[in-house]
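For reference, the structure is listed below as C-alpha cells.
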Amino acid sequence: MEYKLRLILLLFLCVGSQSIVQAAIPPALITNVPNQSANNSNPTTSSVINTLPIAESNLPPPFGSNLFIGGYDSTSAANINVDYRIARGDKLAIWLWGAVNINDVVVVDAQGNIFIPEVGPVYVLGSRAGNITKLVENRVIQVYTQDVKTYVNVLTATPVSVFVTGPVLRPGQYAGVASDSLLAYLKRAGGIDSERGSYRYIAIKRHNKVIANYDLYDFLLNGNLKEFQFKDSDTIVVAQQGTTVIVEGGARNPFRFEFSKKNADGNELIKYARPLAKVSHVGVLGNRKTGPFSVYLPYSKFSSVILSDGDKIMFKDDLHAQTMNVSLQGEYLGPSFYTVKKGARLYDFLNYVAINPQESNYQSIYIQRKSVADKQKVMLEQSLDRLERSIYTTPASSDGEAVIRAKEAALVSEFVQRARQIKPEGKVIISDGGQLANVRLEQGDIIIIPKRSDLINVGGEVLMPQAIVYNSAATLNDYVAWAGGFSERGDEKRIAVVHVNGMVSLNSSAKLQPGDQILVMPHIDSKNMQLVKDMTQIVYQIAIAANVVL
C-alpha cells in the first residue's frame, strides 16, 4: 500500500499541476485557448477568444443575418469618407502654393478652429471632409487675393468610443470614427443575435435620449441607410425581437421575417419573401387564442390573411400540369419540341409531325422514356450488387484456388465499376411488324424516328467493328466474318441483334433488316457457375439497355 501511494505521488509531480488542470477541461472547450508556451506571453494579457457559442436552432436564419458574415470590421481611423464631419482634435494637412508656400499639419483646437500662418484661425468644426478644401480656400483668398492655390486633406479623425448593447453577440464598448456606419459598429459587436435580436428596432442614444432609429429592412430591401455622425459615448441599443414568421417552400427568400407591428397581413410578407411564380397555394400553421390554427388556401386569397407571431407559411406549387413536353429525334420535318395535352397518345402526336417517307423509317419508331431508363438502372444496380456479393463470398478450397479467386475478384471489380457508369436509354418498343402501338405519352418522352439506312453495323467482340452494306442473302455469321471474325473474347453462341425499332434479339437465326446492329457478346470464364450466370445476365442487360458491350 505504501509503495502504491509513493507511485501516485511521483506521477503527480511528473505531470505537473498545469497539465492536470487542463486534463480536467473537456477538449471541446480548450481548442481556442491560446498556446501560452508558444508566445511566452503573460496569461493575463493573452488574446481573447473572439467567438461565442450560439444556441443551436432548427429555425431558418432571420432575414438579413448575412449582413454580419465575414469576421471583424477592419475600419480604422485612417479610413475617412467625404461625409465625415470635422471634430475637435482632428489632424488636417494644408498646402498653399503660388504667391506663398505653406506645407503644414494643423490640429482642430477646442474652439473648432485651425490656425494658418498669415491667414489666421479658420472655423472648420462640423464641416464635411469633402468640403474642407473649399472652406479653407474661401478664407485664404480673403488674404491672398490672387496666385494662391489651396489643398486640404484630413489625415486622422478623432476616434470615438461607442457602446453597443441589447441582443448582440458581444455587447460592449467599441472604438471607431464618427463617420463609421451603424452596420460597422454592429459588426464589431458580432452582429445581432439571430434568436433574440431585432432587425427592425435599433435606437441610438445620446445622454439617455433616443436621437435616431433604424430599421434594417429598409436597407436590405431598398438600400436606404441614413447617415449619422457618432459622438463619444453614444449607445446603440438593439431591441428584443418582435413578431416573427417562418417562410418555407417556393419562395426566393426562405427566411424568418420580423414584422414592424404585432400583426401583419399576407401582402406584407409577400413583399419580403417574394414567392416564385409557380406558387398556387399557401399553407399557414400557428397558434391563436382559441388554439392551434391551420389554413390552406389559394395564393390569390393569402394577401388578406392576418399573421401572428410564430406562424409558419408554406408556399406550394399544388397545381398539376395539364400539358406535357415531348420532343423528336431522328429523321423528320419541322420543329423538334412540342407541347401536348396530358393523356395524349402517340397517334395524336404523330398527326402533327411531317416526314419524308423516302428518308424516314416510320415503321420502326420507338420511344426513349426517363421512367423506363430509371427502372433499367435500378435493375442493373441490383445485378451488379449480386455479382459483387457472389465474388467476395465464394470460398476457396486451396491456396492456389484462393490466388485465382483474388485475381478474378479484381477483374470483376473493374468490370462492375465500368458497368455502373452505363446510362440506359429507356427504350420503349412500340412497333411490331410495322404496326405502331398507340401508347400513352409521358412528360419528357423522346420519340425516335429512325433514318432509313442500307447498312448493318457490326460491333462487340469482333476483330474489325465496322458498317457493312445490307445483303438480303447474308446470314448473321456472314456479317461477323466480314467484320474479321470473332475476337479471342468473342462468344460464338451469344450474339445480340439490335433492330432499328429498338428490339433486341438473342436468337442466332434472327432475321436482319437494313439499319440493324450486331453485337457479339464476350465469353465469360470463371470457376464459379453462379458467377458466370450473373455476369452473363449483366452483359445482356447492358446490351439491351444501352446498345453497348463491356
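A note on labels: chains of the C-alpha cells are A, B, ... as shown, every chain counts residues from 1, and ligands are counted from 1 in their shown order.
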- Message: Residues near segment 435-452 of chain A, anyone? I mean within 9 Å using only C-alpha atoms, not counting same-chain ones fewer than 4 positions away, as number ranges by chain.
- Response: A: 323-332, 342-349, 358-371, 429-431, 500-501, 514-515
So that I have them on file, write out the residues from the current selection with N, CA and C atoms, as an mmCIF file, in the first residue's frame.
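Contents of selection-v6.cif, as written:
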```cif
data_model
loop_
_atom_site.group_PDB
_atom_site.id
_atom_site.type_symbol
_atom_site.label_atom_id
_atom_site.label_comp_id
_atom_site.auth_asym_id
_atom_site.auth_seq_id
_atom_site.Cartn_x
_atom_site.Cartn_y
_atom_site.Cartn_z
ATOM 1 N N THR A 323 -50.422 19.931 -69.307
ATOM 2 C CA THR A 323 -49.709 19.771 -70.570
ATOM 3 C C THR A 323 -48.403 19.040 -70.326
ATOM 4 N N MET A 324 -47.839 18.468 -71.370
ATOM 5 C CA MET A 324 -46.567 17.753 -71.291
ATOM 6 C C MET A 324 -45.652 18.224 -72.414
ATOM 7 N N ASN A 325 -44.374 18.069 -72.192
ATOM 8 C CA ASN A 325 -43.377 18.408 -73.203
ATOM 9 C C ASN A 325 -42.778 17.127 -73.761
ATOM 10 N N VAL A 326 -42.849 16.960 -75.064
ATOM 11 C CA VAL A 326 -42.218 15.818 -75.722
ATOM 12 C C VAL A 326 -41.368 16.360 -76.866
ATOM 13 N N SER A 327 -40.416 15.552 -77.310
ATOM 14 C CA SER A 327 -39.511 16.008 -78.364
ATOM 15 C C SER A 327 -39.277 14.910 -79.381
ATOM 16 N N LEU A 328 -38.741 15.318 -80.505
ATOM 17 C CA LEU A 328 -38.459 14.410 -81.613
ATOM 18 C C LEU A 328 -36.967 14.312 -81.857
ATOM 19 N N GLN A 329 -36.539 13.136 -82.281
ATOM 20 C CA GLN A 329 -35.175 12.931 -82.745
ATOM 21 C C GLN A 329 -35.215 12.019 -83.958
ATOM 22 N N GLY A 330 -34.188 12.131 -84.788
ATOM 23 C CA GLY A 330 -34.109 11.273 -85.963
ATOM 24 C C GLY A 330 -34.396 12.025 -87.238
ATOM 25 N N GLU A 331 -35.180 11.421 -88.112
ATOM 26 C CA GLU A 331 -35.450 11.962 -89.435
ATOM 27 C C GLU A 331 -36.895 12.445 -89.507
ATOM 28 N N TYR A 332 -37.104 13.750 -89.540
ATOM 29 C CA TYR A 332 -38.445 14.330 -89.569
ATOM 30 C C TYR A 332 -38.339 15.736 -90.152
ATOM 31 N N LYS A 342 -52.129 16.625 -71.502
ATOM 32 C CA LYS A 342 -51.923 15.464 -70.656
ATOM 33 C C LYS A 342 -52.878 14.347 -71.073
ATOM 34 N N GLY A 343 -52.349 13.128 -71.212
ATOM 35 C CA GLY A 343 -53.159 11.998 -71.659
ATOM 36 C C GLY A 343 -53.104 11.765 -73.152
ATOM 37 N N ALA A 344 -52.360 12.601 -73.878
ATOM 38 C CA ALA A 344 -52.262 12.434 -75.330
ATOM 39 C C ALA A 344 -51.577 11.111 -75.663
ATOM 40 N N ARG A 345 -51.974 10.519 -76.783
ATOM 41 C CA ARG A 345 -51.383 9.270 -77.230
ATOM 42 C C ARG A 345 -50.505 9.501 -78.463
ATOM 43 N N LEU A 346 -49.754 8.457 -78.822
ATOM 44 C CA LEU A 346 -48.767 8.583 -79.884
ATOM 45 C C LEU A 346 -49.395 9.015 -81.209
ATOM 46 N N TYR A 347 -50.534 8.410 -81.547
ATOM 47 C CA TYR A 347 -51.156 8.759 -82.823
ATOM 48 C C TYR A 347 -51.566 10.233 -82.853
ATOM 49 N N ASP A 348 -52.080 10.735 -81.715
ATOM 50 C CA ASP A 348 -52.464 12.154 -81.657
ATOM 51 C C ASP A 348 -51.268 13.049 -81.942
ATOM 52 N N PHE A 349 -50.121 12.644 -81.439
ATOM 53 C CA PHE A 349 -48.918 13.448 -81.639
ATOM 54 C C PHE A 349 -48.393 13.346 -83.067
ATOM 55 N N GLN A 358 -39.357 8.654 -97.954
ATOM 56 C CA GLN A 358 -38.159 8.058 -98.566
ATOM 57 C C GLN A 358 -36.953 8.113 -97.626
ATOM 58 N N GLU A 359 -36.983 9.007 -96.621
ATOM 59 C CA GLU A 359 -35.843 9.165 -95.717
ATOM 60 C C GLU A 359 -36.127 8.628 -94.319
ATOM 61 N N SER A 360 -37.388 8.574 -93.918
ATOM 62 C CA SER A 360 -37.734 8.179 -92.545
ATOM 63 C C SER A 360 -38.218 6.731 -92.514
ATOM 64 N N ASN A 361 -37.683 5.973 -91.571
ATOM 65 C CA ASN A 361 -38.149 4.599 -91.333
ATOM 66 C C ASN A 361 -39.274 4.651 -90.302
ATOM 67 N N TYR A 362 -40.427 5.127 -90.743
ATOM 68 C CA TYR A 362 -41.524 5.390 -89.821
ATOM 69 C C TYR A 362 -42.159 4.112 -89.272
ATOM 70 N N GLN A 363 -41.862 2.938 -89.864
ATOM 71 C CA GLN A 363 -42.388 1.687 -89.316
ATOM 72 C C GLN A 363 -41.625 1.246 -88.065
ATOM 73 N N SER A 364 -40.463 1.874 -87.802
ATOM 74 C CA SER A 364 -39.618 1.425 -86.677
ATOM 75 C C SER A 364 -39.487 2.488 -85.594
ATOM 76 N N ILE A 365 -40.486 3.319 -85.442
ATOM 77 C CA ILE A 365 -40.447 4.363 -84.410
ATOM 78 C C ILE A 365 -40.395 3.716 -83.024
ATOM 79 N N TYR A 366 -39.599 4.289 -82.144
ATOM 80 C CA TYR A 366 -39.596 3.862 -80.734
ATOM 81 C C TYR A 366 -39.450 5.096 -79.845
ATOM 82 N N ILE A 367 -39.597 4.900 -78.542
ATOM 83 C CA ILE A 367 -39.613 5.999 -77.575
ATOM 84 C C ILE A 367 -38.507 5.798 -76.551
ATOM 85 N N GLN A 368 -37.833 6.872 -76.192
ATOM 86 C CA GLN A 368 -36.923 6.861 -75.046
ATOM 87 C C GLN A 368 -37.627 7.560 -73.889
ATOM 88 N N ARG A 369 -37.770 6.843 -72.775
ATOM 89 C CA ARG A 369 -38.567 7.335 -71.650
ATOM 90 C C ARG A 369 -37.734 7.297 -70.372
ATOM 91 N N LYS A 370 -37.728 8.413 -69.664
ATOM 92 C CA LYS A 370 -36.899 8.526 -68.454
ATOM 93 C C LYS A 370 -37.309 7.532 -67.383
ATOM 94 N N SER A 371 -38.596 7.327 -67.179
ATOM 95 C CA SER A 371 -39.041 6.405 -66.133
ATOM 96 C C SER A 371 -38.565 4.985 -66.417
ATOM 97 N N ILE A 429 -40.412 -0.188 -76.828
ATOM 98 C CA ILE A 429 -40.648 -0.772 -78.147
ATOM 99 C C ILE A 429 -42.134 -0.679 -78.453
ATOM 100 N N ILE A 430 -42.464 0.022 -79.512
ATOM 101 C CA ILE A 430 -43.878 0.248 -79.829
ATOM 102 C C ILE A 430 -44.258 -0.276 -81.212
ATOM 103 N N SER A 431 -43.293 -0.812 -81.963
ATOM 104 C CA SER A 431 -43.608 -1.313 -83.312
ATOM 105 C C SER A 431 -43.449 -2.821 -83.358
ATOM 106 N N VAL A 500 -33.790 -1.887 -85.671
ATOM 107 C CA VAL A 500 -33.971 -0.446 -85.814
ATOM 108 C C VAL A 500 -35.046 0.066 -84.859
ATOM 109 N N ASN A 501 -36.058 -0.734 -84.594
ATOM 110 C CA ASN A 501 -37.145 -0.300 -83.719
ATOM 111 C C ASN A 501 -36.794 -0.405 -82.240
ATOM 112 N N PRO A 514 -32.227 -3.824 -92.910
ATOM 113 C CA PRO A 514 -31.296 -2.692 -93.053
ATOM 114 C C PRO A 514 -31.371 -1.755 -91.843
ATOM 115 N N GLY A 515 -30.207 -1.355 -91.349
ATOM 116 C CA GLY A 515 -30.142 -0.479 -90.189
ATOM 117 C C GLY A 515 -29.949 -1.202 -88.875
#
```
- Within 12 Å of Gln517 of chain A, counting only C-alpha atoms, which residues qualify if same-chain residues fewer than 3 places away don't, as a ChimeraX atom specification? /A:453-460,465-470,476,479-480,495-505,510-514,520,543-544,547-548
- Task: Run DSSP on the backbone and grab whatever in segment 286-400 of chain A lands in alpha helix (DSSP H); send it over as a ChimeraX atom specification.
- Result: /A:346-350,370-393,399-400
Grab the residues selected above and save them as a PDB file, in the first residue's frame with C-alpha atoms.
```pdb
ATOM      1  CA  LEU A 346     -48.767   8.583 -79.884  1.00  0.00           C
ATOM      2  CA  TYR A 347     -51.156   8.759 -82.823  1.00  0.00           C
ATOM      3  CA  ASP A 348     -52.464  12.154 -81.657  1.00  0.00           C
ATOM      4  CA  PHE A 349     -48.918  13.448 -81.639  1.00  0.00           C
ATOM      5  CA  LEU A 350     -47.779  11.918 -84.931  1.00  0.00           C
ATOM      6  CA  LYS A 370     -36.899   8.526 -68.454  1.00  0.00           C
ATOM      7  CA  SER A 371     -39.041   6.405 -66.133  1.00  0.00           C
ATOM      8  CA  VAL A 372     -38.045   3.269 -68.060  1.00  0.00           C
ATOM      9  CA  ALA A 373     -34.362   4.284 -68.011  1.00  0.00           C
ATOM     10  CA  ASP A 374     -34.560   4.738 -64.231  1.00  0.00           C
ATOM     11  CA  LYS A 375     -36.031   1.243 -63.797  1.00  0.00           C
ATOM     12  CA  GLN A 376     -33.368  -0.268 -66.044  1.00  0.00           C
ATOM     13  CA  LYS A 377     -30.688   1.468 -63.984  1.00  0.00           C
ATOM     14  CA  VAL A 378     -32.151   0.063 -60.759  1.00  0.00           C
ATOM     15  CA  MET A 379     -32.233  -3.492 -62.163  1.00  0.00           C
ATOM     16  CA  LEU A 380     -28.655  -3.138 -63.402  1.00  0.00           C
ATOM     17  CA  GLU A 381     -27.503  -1.918 -59.984  1.00  0.00           C
ATOM     18  CA  GLN A 382     -29.214  -4.867 -58.305  1.00  0.00           C
ATOM     19  CA  SER A 383     -27.469  -7.308 -60.652  1.00  0.00           C
ATOM     20  CA  LEU A 384     -24.099  -5.667 -60.004  1.00  0.00           C
ATOM     21  CA  ASP A 385     -24.643  -5.855 -56.248  1.00  0.00           C
ATOM     22  CA  ARG A 386     -25.443  -9.550 -56.541  1.00  0.00           C
ATOM     23  CA  LEU A 387     -22.331 -10.102 -58.660  1.00  0.00           C
ATOM     24  CA  GLU A 388     -20.140  -8.390 -56.059  1.00  0.00           C
ATOM     25  CA  ARG A 389     -21.597 -10.476 -53.250  1.00  0.00           C
ATOM     26  CA  SER A 390     -21.002 -13.691 -55.150  1.00  0.00           C
ATOM     27  CA  ILE A 391     -17.356 -12.911 -55.994  1.00  0.00           C
ATOM     28  CA  TYR A 392     -16.456 -11.752 -52.493  1.00  0.00           C
ATOM     29  CA  THR A 393     -18.243 -14.539 -50.589  1.00  0.00           C
ATOM     30  CA  ASP A 399      -4.242 -21.782 -51.658  1.00  0.00           C
ATOM     31  CA  GLY A 400      -3.918 -21.990 -55.431  1.00  0.00           C
TER      32      GLY A 400
END
```
Near-segment 204-213 of chain A list (8 Å; only C-alpha atoms; drop same-chain fewer than 2 positions) as a compact mmCIF listing (two decimals) with C-alpha atoms, in the first residue's frame:
```txt
# COMPACT_ATOMS: atom_id res chain seq x y z
CA TYR A 201 -35.95 48.36 -33.95
CA ILE A 202 -32.44 49.74 -33.41
CA ASP A 215 -34.99 49.69 -39.46
CA SER A 233 -20.17 57.64 -25.50
CA ASP A 234 -23.11 57.22 -27.87
CA THR A 235 -25.03 53.98 -27.31
CA ILE A 236 -26.50 51.64 -29.93
CA VAL A 237 -29.42 49.68 -28.46
```
- Task: Going by DSSP on the backbone, which bits of segment 332-511 of chain A are strand (DSSP E or B)? Write them as a PyMOL selection string, please.
- Result: chain A and resi 333+337-341+345+354+360+366-368+427-429+431-432+435-436+440+446-449+451+455-460+462+466-469+486+490-498+504-505
Could you dump the residues just selected with C-alpha atoms as an mmCIF file, in the first residue's frame?
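again09.cif, freshly written:
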```
data_model
loop_
_atom_site.group_PDB
_atom_site.id
_atom_site.type_symbol
_atom_site.label_atom_id
_atom_site.label_comp_id
_atom_site.auth_asym_id
_atom_site.auth_seq_id
_atom_site.Cartn_x
_atom_site.Cartn_y
_atom_site.Cartn_z
ATOM 1 C CA LEU A 333 -39.557 17.702 -90.880
ATOM 2 C CA PHE A 337 -40.103 20.269 -79.429
ATOM 3 C CA TYR A 338 -43.842 20.011 -78.791
ATOM 4 C CA THR A 339 -46.314 20.682 -76.007
ATOM 5 C CA VAL A 340 -49.237 18.249 -75.863
ATOM 6 C CA LYS A 341 -52.218 17.797 -73.572
ATOM 7 C CA ARG A 345 -51.383 9.270 -77.230
ATOM 8 C CA ALA A 354 -44.288 15.787 -91.047
ATOM 9 C CA SER A 360 -37.734 8.179 -92.545
ATOM 10 C CA TYR A 366 -39.596 3.862 -80.734
ATOM 11 C CA ILE A 367 -39.613 5.999 -77.575
ATOM 12 C CA GLN A 368 -36.923 6.861 -75.046
ATOM 13 C CA LYS A 427 -36.291 2.324 -74.847
ATOM 14 C CA VAL A 428 -39.998 1.624 -75.219
ATOM 15 C CA ILE A 429 -40.648 -0.772 -78.147
ATOM 16 C CA SER A 431 -43.608 -1.313 -83.312
ATOM 17 C CA ASP A 432 -44.327 -4.932 -84.245
ATOM 18 C CA GLN A 435 -47.614 -1.683 -86.799
ATOM 19 C CA LEU A 436 -47.232 1.039 -84.118
ATOM 20 C CA ARG A 440 -49.967 6.983 -73.884
ATOM 21 C CA ILE A 446 -38.344 11.439 -76.823
ATOM 22 C CA ILE A 447 -39.900 9.940 -79.956
ATOM 23 C CA ILE A 448 -37.211 8.492 -82.223
ATOM 24 C CA ILE A 449 -37.970 8.315 -85.944
ATOM 25 C CA LYS A 451 -33.421 7.355 -90.634
ATOM 26 C CA LEU A 455 -26.044 -0.646 -93.584
ATOM 27 C CA ILE A 456 -25.607 -3.301 -90.914
ATOM 28 C CA ASN A 457 -23.353 -2.203 -88.022
ATOM 29 C CA VAL A 458 -21.231 -4.974 -86.520
ATOM 30 C CA GLY A 459 -19.599 -4.397 -83.106
ATOM 31 C CA GLY A 460 -18.704 -6.019 -79.830
ATOM 32 C CA VAL A 462 -15.119 -8.851 -83.409
ATOM 33 C CA GLN A 466 -17.488 -1.759 -88.975
ATOM 34 C CA ALA A 467 -20.596 -0.958 -91.026
ATOM 35 C CA ILE A 468 -21.418 -3.347 -93.889
ATOM 36 C CA VAL A 469 -23.918 -2.877 -96.727
ATOM 37 C CA PHE A 486 -14.693 -13.321 -83.548
ATOM 38 C CA GLY A 490 -15.923 -13.384 -78.569
ATOM 39 C CA ASP A 491 -18.642 -15.911 -77.762
ATOM 40 C CA GLU A 492 -19.952 -17.594 -80.913
ATOM 41 C CA LYS A 493 -23.096 -18.720 -79.115
ATOM 42 C CA ARG A 494 -24.075 -15.295 -77.800
ATOM 43 C CA ILE A 495 -24.807 -12.715 -80.487
ATOM 44 C CA ALA A 496 -27.333 -9.921 -79.976
ATOM 45 C CA VAL A 497 -29.153 -8.179 -82.811
ATOM 46 C CA VAL A 498 -30.444 -4.686 -82.028
ATOM 47 C CA VAL A 504 -33.108 -6.878 -79.182
ATOM 48 C CA SER A 505 -32.961 -10.490 -80.406
#
```
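Considering the residues A:Arg88, A:Lys312, A:His523, A:Lys231 and counting only C-alpha atoms, Pro60 of chain A has its shortest atom-to-atom contact with A:Lys312.
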- Query: Got a sec: who's within 8 Å of Ile192 of chain A, counting only C-alpha atoms, leaving out chain neighbours fewer than 5 positions off, as an MDAnalysis selection string?
  - Reply: chainID A and resid 65 167:169 186 197:199 238
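Nearest-residue note for His320 of chain A: choosing from A:Lys278, A:Gly112, A:Thr290, A:Pro61, the minimum distance belongs to A:Lys278, counting only C-alpha atoms.
Atom CA of Phe63 of chain A sits 15.6 Å away from atom CA of Tyr214 of chain A.
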